[in-house]
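Notes follow the structure.
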Amino acid sequence: WPQSTDLIDGALHLGGTPVTALADTFGTPSYVLDVPGLRARAAHYRAAFTDAFAPAEVQVYYAGKAFLSTAVARWVHAEGLRIDTASAGELTTALAAGIDGRDIGLHGNNKSRDEIDLALEHGVGRIVIDSLPEIELVAQRAAARGVRAPVMVRVTTGVHAGGHDFIATAHEDQKFGLSLAGGAAMTALERILELPELELLGLHSHIGSQILDADGFAAAAAALLGLRADLAARTGHMVTELDLGGGYGIAYTPEETAVDVVAVASSLAHACRSECERLGTPMPAFSFEPGRAIVGPSMITLYKVGTVKSVQLDGGSRLYVSVDGGMSDNIRPALYGAAYHAELASRASDAPGVAARVVGKHCESGDIVVRDVELPADVRAGDLLAVPATGAYGRSMASQYNLLPRPGVVAVGDGAPREIVRRETLQDLLALDLG
Ligand code: LLP
């Protein structure tokens with residue numbers, strides 16, 4: 001649960017406000033963001049990496065793909081984080097928040113010319129190169145503007161890590177980055193050094209997501225440090241920065257444990273120091289790009305219960321509890337088989353717990369919010385359910401499937417509760433329909 005959660009007389013309070021009042025004011029489903037929790041997590045991640053790697057310089061970029069709005073960009077930036085973006089939409093949102101271009105990075109395996117132009121126009125701090133043709137494109141756009149583009153190279157290190165195949169990103173047979181083993185990374189680095197329009201900042205690796213230990217990160221870091229030493233031996237150019245990406249795992253259910261970022265950062269820093277010693281190279285500066293770990297645990301989704309149905313099964317029964325959202329506001333269970341937890345949030349109940357499944361209102365049997373959870377047997381229409389840890393890749397991957405308007409995001413704990421992203425209306429849906 002987010003930091004500012006209390007249970008008072010059986011009713012969940014967030015940032016001092018009962019969820020019943022939030023539902024009355026803002027409707028359901030709503031995403032509820034605990035602002036002090038978000039800021040504390042941002043500060044904690046920044047401190048963990050900065051302390052572990054000191055005296056090496058550290059920057060932490062918040063990966064906006066997890067969830068980005070102008071308010072969130074400002075809050076995490078106020079905690080000393082920069083913003084990592086992966087599209088013109090994310091970049092525009094960070095800029096609209098008033099973030100200086102130098103504090104923004106741009107990623108993407110298929111950046112458009114317009115996206116590159118937008119990044120150069122606003123002087124972004126780094127463009128992470130993901131392919132050989134992109135080197136020429138960025139150089140050409142920088143030349144057209146008369147600027148020098150700061151770039152990093154995303155390296156495919158061959159490390160396999162991460163919770164699900166769709167989110168593991170550094171093995172060879174996938175679309176991201178330039179291969180270390182295949183030589184494309186070295187080709188890219190040497191080409192960049194030939195081009196006066198490009199300034200080579202360093203090497204980047206993102207191995208996957210929802211990772212719980214340091215081993216994969218350390219293996220990727222060692223691969224990058226080796227590449228850095230090889231490049232220096234071949235060209236005399238020692239890159240000054242390594243970006244080790246994001247991917248720090250969180251707990252979605254009471255049975256799971258989140259990554260201990262202090263421990264992971266310290267073991268990773270240790271691994272980098274010994275590798276640099278072994279190679280006889282200086283420690284570079286480091287950057288990191290956590291998204292899920294910052295915003296995931298800081299948000300819950302609040303749903304209202306509608307239909308409740310008991311289904312008889314061999315050896316028991318299961319209570320199907322339908323809520324007023326579903327796979328349109330959280331696609332992760334359907335897409336990755338992701339597990340979540342839910343609790344009755346609007347009242348106390350003495351009823352015994354029963355095996356339940358929380359499902360949405362979409363026209364698919366895979367429309368599951370929480371596959372397995374125990375809920376009080378008397379859960380009924382009108383109750384509110386809270387699902388914790390929905391902040392990352394919930395709203396950001398939301399759709400309008402079945403033409404459900406997307407829920408708003410309500411911020412609590414920062415003055416009076418307020419919507420920082422407005423709930424869509426039926427009129428919003430029709431506004432795009434040109435007849
Ligand atoms: N940096 C890069 C280059 C990335 O591709 C990603 C995530 C991150 C940082 C942030 O990773 P995080 O710290 O949030 O794990 N939709 C999937 C996750 C996709 C992650 C894509 N890249 C999910 O819902 O699990």
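Within each chain, counting starts at residue 1; across the structure tokens, chains are named A, B, ... in the order shown, with ligands numbered 1 upward in that order.
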Next item on the list: Check which residues fall inside 7 Å of ligand 1 when counting only C-alpha atoms and all ligand atoms, and print them as number ranges by chain.
Entry: A: 63, 65-66, 107, 167, 206, 208-210, 245-249, 289-293, 332, 392-393
Just the selected residues (N, CA and C atoms), exported as a short mmCIF file (atom, residue, chain, number, x, y, z; two decimals), in the first residue's frame, please.
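Output (again.cif):
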```cif
data_model
loop_
_atom_site.label_atom_id
_atom_site.label_comp_id
_atom_site.auth_asym_id
_atom_site.auth_seq_id
_atom_site.Cartn_x
_atom_site.Cartn_y
_atom_site.Cartn_z
N ALA A 63 11.67 6.84 -15.59
CA ALA A 63 11.19 6.34 -16.88
C ALA A 63 9.71 6.67 -17.03
N LYS A 65 7.57 6.21 -19.22
CA LYS A 65 6.64 5.25 -19.82
C LYS A 65 5.79 4.59 -18.74
N ALA A 66 6.30 4.48 -17.52
CA ALA A 66 5.54 3.82 -16.45
C ALA A 66 4.26 4.61 -16.14
N HIS A 107 14.53 7.96 -25.78
CA HIS A 107 14.76 6.58 -26.18
C HIS A 107 13.87 6.21 -27.35
N ILE A 167 9.08 -8.43 -21.59
CA ILE A 167 9.75 -7.29 -20.97
C ILE A 167 11.24 -7.55 -20.72
N HIS A 206 19.59 -1.71 -20.98
CA HIS A 206 18.37 -1.98 -20.18
C HIS A 206 18.06 -3.44 -20.37
N GLY A 208 15.77 -5.48 -18.76
CA GLY A 208 14.42 -6.01 -18.59
C GLY A 208 13.73 -5.31 -17.44
N SER A 209 12.62 -5.90 -17.01
CA SER A 209 11.79 -5.21 -16.04
C SER A 209 11.34 -6.18 -14.95
N GLN A 210 10.97 -5.63 -13.80
CA GLN A 210 10.52 -6.44 -12.65
C GLN A 210 11.62 -7.44 -12.26
N GLY A 245 20.00 1.51 -17.12
CA GLY A 245 18.58 1.29 -17.39
C GLY A 245 17.74 1.18 -16.13
N GLY A 246 16.53 0.66 -16.33
CA GLY A 246 15.60 0.50 -15.20
C GLY A 246 15.38 -0.97 -14.95
N GLY A 247 14.22 -1.30 -14.38
CA GLY A 247 13.87 -2.70 -14.21
C GLY A 247 13.75 -3.18 -12.79
N TYR A 248 13.81 -2.29 -11.82
CA TYR A 248 13.79 -2.69 -10.40
C TYR A 248 12.38 -3.15 -10.01
N GLY A 249 12.31 -4.35 -9.46
CA GLY A 249 11.02 -5.00 -9.22
C GLY A 249 10.32 -4.53 -7.96
N GLU A 289 17.48 4.30 -14.79
CA GLU A 289 16.18 4.73 -15.32
C GLU A 289 15.01 3.95 -14.71
N PRO A 290 14.83 4.00 -13.41
CA PRO A 290 13.69 3.27 -12.83
C PRO A 290 12.37 3.96 -13.17
N GLY A 291 11.37 3.16 -13.49
CA GLY A 291 10.02 3.70 -13.72
C GLY A 291 9.06 3.05 -12.74
N ARG A 292 8.87 1.74 -12.92
CA ARG A 292 7.92 0.97 -12.10
C ARG A 292 8.15 1.18 -10.60
N ALA A 293 9.43 1.13 -10.19
CA ALA A 293 9.72 1.16 -8.75
C ALA A 293 9.38 2.52 -8.13
N ARG A 332 -2.29 -5.55 -17.61
CA ARG A 332 -1.15 -6.39 -17.21
C ARG A 332 -1.53 -7.84 -16.87
N ALA A 392 2.32 1.75 -12.13
CA ALA A 392 3.19 1.62 -13.30
C ALA A 392 2.50 0.79 -14.37
N TYR A 393 2.49 1.30 -15.57
CA TYR A 393 1.96 0.60 -16.74
C TYR A 393 0.48 0.25 -16.57
#
```
Next item on the list: Please report, as a ChimeraX atom specification, each residue of region 37-184 of chain A to which DSSP assigns strand (DSSP E) when run on this structure's backbone.
Entry: /A:58-63,82-85,104-106,126-129,149-156,178-179
Write a file of the just-selected residues containing N, CA and C atoms, as a PDB file, in the first residue's frame.
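So part.pdb came out as:
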```pdb
ATOM      1  N   VAL A  58      26.295  10.340 -10.248  1.00  0.00           N
ATOM      2  CA  VAL A  58      25.111   9.543 -10.560  1.00  0.00           C
ATOM      3  C   VAL A  58      23.943  10.451 -10.945  1.00  0.00           C
ATOM      4  N   GLN A  59      23.229  10.064 -11.986  1.00  0.00           N
ATOM      5  CA  GLN A  59      21.953  10.706 -12.323  1.00  0.00           C
ATOM      6  C   GLN A  59      20.885   9.629 -12.366  1.00  0.00           C
ATOM      7  N   VAL A  60      19.717   9.938 -11.815  1.00  0.00           N
ATOM      8  CA  VAL A  60      18.603   9.008 -11.917  1.00  0.00           C
ATOM      9  C   VAL A  60      17.534   9.641 -12.790  1.00  0.00           C
ATOM     10  N   TYR A  61      17.156   8.924 -13.831  1.00  0.00           N
ATOM     11  CA  TYR A  61      16.093   9.359 -14.735  1.00  0.00           C
ATOM     12  C   TYR A  61      14.838   8.579 -14.378  1.00  0.00           C
ATOM     13  N   TYR A  62      13.715   9.265 -14.253  1.00  0.00           N
ATOM     14  CA  TYR A  62      12.449   8.579 -14.043  1.00  0.00           C
ATOM     15  C   TYR A  62      11.923   8.150 -15.415  1.00  0.00           C
ATOM     16  N   ALA A  63      11.675   6.843 -15.591  1.00  0.00           N
ATOM     17  CA  ALA A  63      11.189   6.341 -16.882  1.00  0.00           C
ATOM     18  C   ALA A  63       9.706   6.671 -17.034  1.00  0.00           C
ATOM     19  N   ARG A  82      15.865  13.230 -13.293  1.00  0.00           N
ATOM     20  CA  ARG A  82      15.621  13.710 -14.642  1.00  0.00           C
ATOM     21  C   ARG A  82      14.513  12.848 -15.252  1.00  0.00           C
ATOM     22  N   ILE A  83      14.135  13.136 -16.486  1.00  0.00           N
ATOM     23  CA  ILE A  83      13.008  12.407 -17.074  1.00  0.00           C
ATOM     24  C   ILE A  83      13.464  11.682 -18.341  1.00  0.00           C
ATOM     25  N   ASP A  84      13.164  10.379 -18.361  1.00  0.00           N
ATOM     26  CA  ASP A  84      13.453   9.560 -19.539  1.00  0.00           C
ATOM     27  C   ASP A  84      12.160   9.434 -20.345  1.00  0.00           C
ATOM     28  N   THR A  85      12.234   9.739 -21.635  1.00  0.00           N
ATOM     29  CA  THR A  85      11.045   9.676 -22.478  1.00  0.00           C
ATOM     30  C   THR A  85      11.297   8.721 -23.643  1.00  0.00           C
ATOM     31  N   ILE A 104      16.292  15.890 -19.850  1.00  0.00           N
ATOM     32  CA  ILE A 104      15.421  14.893 -20.473  1.00  0.00           C
ATOM     33  C   ILE A 104      16.254  14.011 -21.399  1.00  0.00           C
ATOM     34  N   GLY A 105      15.925  12.726 -21.398  1.00  0.00           N
ATOM     35  CA  GLY A 105      16.545  11.799 -22.349  1.00  0.00           C
ATOM     36  C   GLY A 105      15.497  11.273 -23.304  1.00  0.00           C
ATOM     37  N   LEU A 106      15.922  10.879 -24.506  1.00  0.00           N
ATOM     38  CA  LEU A 106      14.984  10.307 -25.479  1.00  0.00           C
ATOM     39  C   LEU A 106      15.453   8.924 -25.917  1.00  0.00           C
ATOM     40  N   ARG A 126      20.291  13.875 -23.862  1.00  0.00           N
ATOM     41  CA  ARG A 126      20.820  12.668 -24.509  1.00  0.00           C
ATOM     42  C   ARG A 126      19.770  12.035 -25.412  1.00  0.00           C
ATOM     43  N   ILE A 127      20.257  11.543 -26.528  1.00  0.00           N
ATOM     44  CA  ILE A 127      19.424  10.704 -27.386  1.00  0.00           C
ATOM     45  C   ILE A 127      20.094   9.343 -27.370  1.00  0.00           C
ATOM     46  N   VAL A 128      19.331   8.303 -27.038  1.00  0.00           N
ATOM     47  CA  VAL A 128      19.931   6.972 -26.945  1.00  0.00           C
ATOM     48  C   VAL A 128      19.757   6.271 -28.294  1.00  0.00           C
ATOM     49  N   ILE A 129      20.869   6.081 -28.973  1.00  0.00           N
ATOM     50  CA  ILE A 129      20.882   5.492 -30.318  1.00  0.00           C
ATOM     51  C   ILE A 129      20.579   4.003 -30.235  1.00  0.00           C
ATOM     52  N   ALA A 149      24.634  16.782 -31.364  1.00  0.00           N
ATOM     53  CA  ALA A 149      23.676  15.980 -30.597  1.00  0.00           C
ATOM     54  C   ALA A 149      24.406  15.076 -29.605  1.00  0.00           C
ATOM     55  N   PRO A 150      24.038  15.160 -28.304  1.00  0.00           N
ATOM     56  CA  PRO A 150      24.639  14.260 -27.317  1.00  0.00           C
ATOM     57  C   PRO A 150      23.988  12.883 -27.406  1.00  0.00           C
ATOM     58  N   VAL A 151      24.772  11.843 -27.618  1.00  0.00           N
ATOM     59  CA  VAL A 151      24.177  10.515 -27.803  1.00  0.00           C
ATOM     60  C   VAL A 151      24.819   9.463 -26.901  1.00  0.00           C
ATOM     61  N   MET A 152      24.007   8.455 -26.611  1.00  0.00           N
ATOM     62  CA  MET A 152      24.510   7.226 -25.984  1.00  0.00           C
ATOM     63  C   MET A 152      24.182   6.096 -26.946  1.00  0.00           C
ATOM     64  N   VAL A 153      24.811   4.959 -26.759  1.00  0.00           N
ATOM     65  CA  VAL A 153      24.506   3.802 -27.601  1.00  0.00           C
ATOM     66  C   VAL A 153      23.900   2.708 -26.738  1.00  0.00           C
ATOM     67  N   ARG A 154      22.718   2.250 -27.141  1.00  0.00           N
ATOM     68  CA  ARG A 154      22.087   1.155 -26.397  1.00  0.00           C
ATOM     69  C   ARG A 154      22.671  -0.166 -26.869  1.00  0.00           C
ATOM     70  N   VAL A 155      23.264  -0.876 -25.930  1.00  0.00           N
ATOM     71  CA  VAL A 155      23.998  -2.097 -26.247  1.00  0.00           C
ATOM     72  C   VAL A 155      23.183  -3.315 -25.826  1.00  0.00           C
ATOM     73  N   THR A 156      23.099  -4.290 -26.718  1.00  0.00           N
ATOM     74  CA  THR A 156      22.485  -5.572 -26.391  1.00  0.00           C
ATOM     75  C   THR A 156      23.573  -6.438 -25.790  1.00  0.00           C
ATOM     76  N   LEU A 178      22.066  -2.475 -29.998  1.00  0.00           N
ATOM     77  CA  LEU A 178      23.094  -2.897 -30.949  1.00  0.00           C
ATOM     78  C   LEU A 178      23.931  -3.979 -30.287  1.00  0.00           C
ATOM     79  N   SER A 179      24.104  -5.071 -31.002  1.00  0.00           N
ATOM     80  CA  SER A 179      24.672  -6.274 -30.402  1.00  0.00           C
ATOM     81  C   SER A 179      26.149  -6.114 -30.054  1.00  0.00           C
TER      82      SER A 179
END
```
Hey, could you make a per-residue contact list for region 276-328 of chain A against region 1-7 of chain A with 9 Å as the cut-off, showing the nearest pair of atoms and its distance in Å to one decimal, counting only C-alpha atoms, sorted by chain and number, as a Markdown table?
```
| residue | atom | partner | partner_atom | distance |
| --- | --- | --- | --- | --- |
| A:Pro297 | CA | A:Pro2 | CA | 5.8 |
| A:Ser298 | CA | A:Pro2 | CA | 4.9 |
| A:Met299 | CA | A:Pro2 | CA | 6.6 |
| A:Ile300 | CA | A:Trp1 | CA | 7.7 |
```
Those selected residues, please, written with N, CA and C atoms and delivered as a compact mmCIF listing (two decimals), in the first residue's frame.
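Contents of out_9.txt, freshly written:
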```
# COMPACT_ATOMS: atom_id res chain seq x y z
N PRO A 297 4.21 1.41 -6.71
CA PRO A 297 3.63 1.27 -5.38
C PRO A 297 2.96 2.55 -4.87
N SER A 298 3.10 3.66 -5.61
CA SER A 298 2.56 4.93 -5.14
C SER A 298 1.10 5.11 -5.55
N MET A 299 0.55 4.18 -6.31
CA MET A 299 -0.82 4.36 -6.81
C MET A 299 -1.66 3.13 -6.54
N ILE A 300 -2.94 3.33 -6.29
CA ILE A 300 -3.90 2.23 -6.22
C ILE A 300 -5.00 2.50 -7.24
```
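Separating CA of Leu120 (chain A) from CA of Arg102 (chain A) is a distance of 10.3 Å.
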Checklist line | All alpha helix (DSSP H) positions in region 39-189 of chain A, as a PyMOL selection string | finding: chain A and resi 39-53+70-78+88-96+113-121+132-145+184-189
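As for CA of Ala214 (chain A) and CA of Phe288 (chain A), they are spaced 13.4 Å apart.
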Note to self: Residues near Val308 (chain A), anyone? I mean within 9 Å using only C-alpha atoms, not counting same-chain ones fewer than 2 positions away, as a PyMOL selection string.
What the structure shows: chain A and resi 305-306+310+319-322+379-381
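Nearest to Phe176 (chain A) of all the residues A:Leu14, A:Ile207, A:Ala139, A:Leu189 is A:Ile207, counting only C-alpha atoms.
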Item checked: Exercise: Ala338 (chain A) partners within 12 Å, only C-alpha atoms, chain neighbours under 5 positions left out, as a VMD selection string -> chain A and resid 163 to 164 210 251 to 253 327 330 to 333 366 368 to 372 389 to 390 393 to 394
Using only C-alpha atoms, what does the table of region 161-276 of chain A residues within 12 Å of region 23-46 of chain A look like, with each row giving the shortest atom pair and its distance in Å to one decimal, sorted by chain and ascending number, as a Markdown table?
```
| residue | atom | partner | partner_atom | distance |
| --- | --- | --- | --- | --- |
| A:Gly246 | CA | A:Tyr45 | CA | 11.1 |
| A:Tyr248 | CA | A:Tyr45 | CA | 10.0 |
| A:Ile250 | CA | A:Arg41 | CA | 11.6 |
| A:Val259 | CA | A:Tyr45 | CA | 11.3 |
| A:Asp260 | CA | A:Tyr45 | CA | 10.2 |
| A:Val261 | CA | A:Tyr45 | CA | 7.0 |
| A:Val262 | CA | A:Tyr45 | CA | 8.1 |
| A:Ala263 | CA | A:Tyr45 | CA | 11.5 |
| A:Val264 | CA | A:Tyr45 | CA | 11.0 |
| A:Ala265 | CA | A:Tyr45 | CA | 9.3 |
```
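Using only C-alpha atoms, the nearest neighbour of Glu199 (chain A) within the list A:Cys276, A:Leu429, A:Val239, A:Ala339 is A:Val239.
In this comparison, which uses only C-alpha atoms, the residue of A:Glu275, A:Thr70, A:Asp100, A:Gly315 approaching Val421 (chain A) most closely is A:Thr70.
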Give me the residues near Leu404 (chain A) as a tab-separated table (two decimals) with N, CA and C atoms, in the first residue's frame, where near means some atom within 10 Å (using only C-alpha atoms) and where sequence neighbours in that chain fewer than 4 positions away do not count.
```
chain	number	residue	atom	x	y	z
A	324	ASP	N	-16.21	-2.03	-12.00
A	324	ASP	CA	-16.62	-1.13	-13.08
A	324	ASP	C	-15.49	-0.73	-14.02
A	325	GLY	N	-14.37	-1.48	-14.02
A	325	GLY	CA	-13.28	-1.23	-14.98
A	325	GLY	C	-12.83	-2.57	-15.52
A	326	GLY	N	-11.51	-2.79	-15.55
A	326	GLY	CA	-11.00	-4.09	-16.00
A	326	GLY	C	-9.79	-3.93	-16.89
A	328	SER	N	-9.24	-2.62	-19.58
A	328	SER	CA	-8.98	-1.32	-20.21
A	328	SER	C	-8.18	-0.41	-19.28
A	329	ASP	N	-8.30	-0.56	-17.97
A	329	ASP	CA	-7.50	0.28	-17.07
A	329	ASP	C	-6.29	-0.47	-16.53
A	361	LYS	N	-15.49	-5.48	-16.65
A	361	LYS	CA	-16.80	-5.44	-17.31
A	361	LYS	C	-16.68	-5.57	-18.83
A	362	HIS	N	-15.51	-6.05	-19.28
A	362	HIS	CA	-15.30	-6.18	-20.72
A	362	HIS	C	-15.79	-7.52	-21.25
A	399	SER	N	-6.59	1.53	-22.28
A	399	SER	CA	-7.23	1.68	-23.58
A	399	SER	C	-8.69	2.09	-23.39
A	400	GLN	N	-9.36	2.30	-24.49
A	400	GLN	CA	-10.79	2.63	-24.44
A	400	GLN	C	-11.60	1.44	-24.94
A	424	GLU	N	-11.91	10.62	-18.56
A	424	GLU	CA	-12.54	10.86	-19.86
A	424	GLU	C	-14.05	10.75	-19.73
A	425	THR	N	-14.73	11.45	-20.61
A	425	THR	CA	-16.19	11.41	-20.62
A	425	THR	C	-16.64	10.75	-21.93
A	426	LEU	N	-17.92	10.44	-22.00
A	426	LEU	CA	-18.45	9.90	-23.25
A	426	LEU	C	-18.29	10.94	-24.36
A	429	LEU	N	-14.97	10.65	-25.97
A	429	LEU	CA	-14.89	9.55	-26.93
A	429	LEU	C	-15.49	9.99	-28.27
```
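Between CA of Arg278 (chain A) and CA of Ala229 (chain A) the interatomic distance comes to 10.8 Å.
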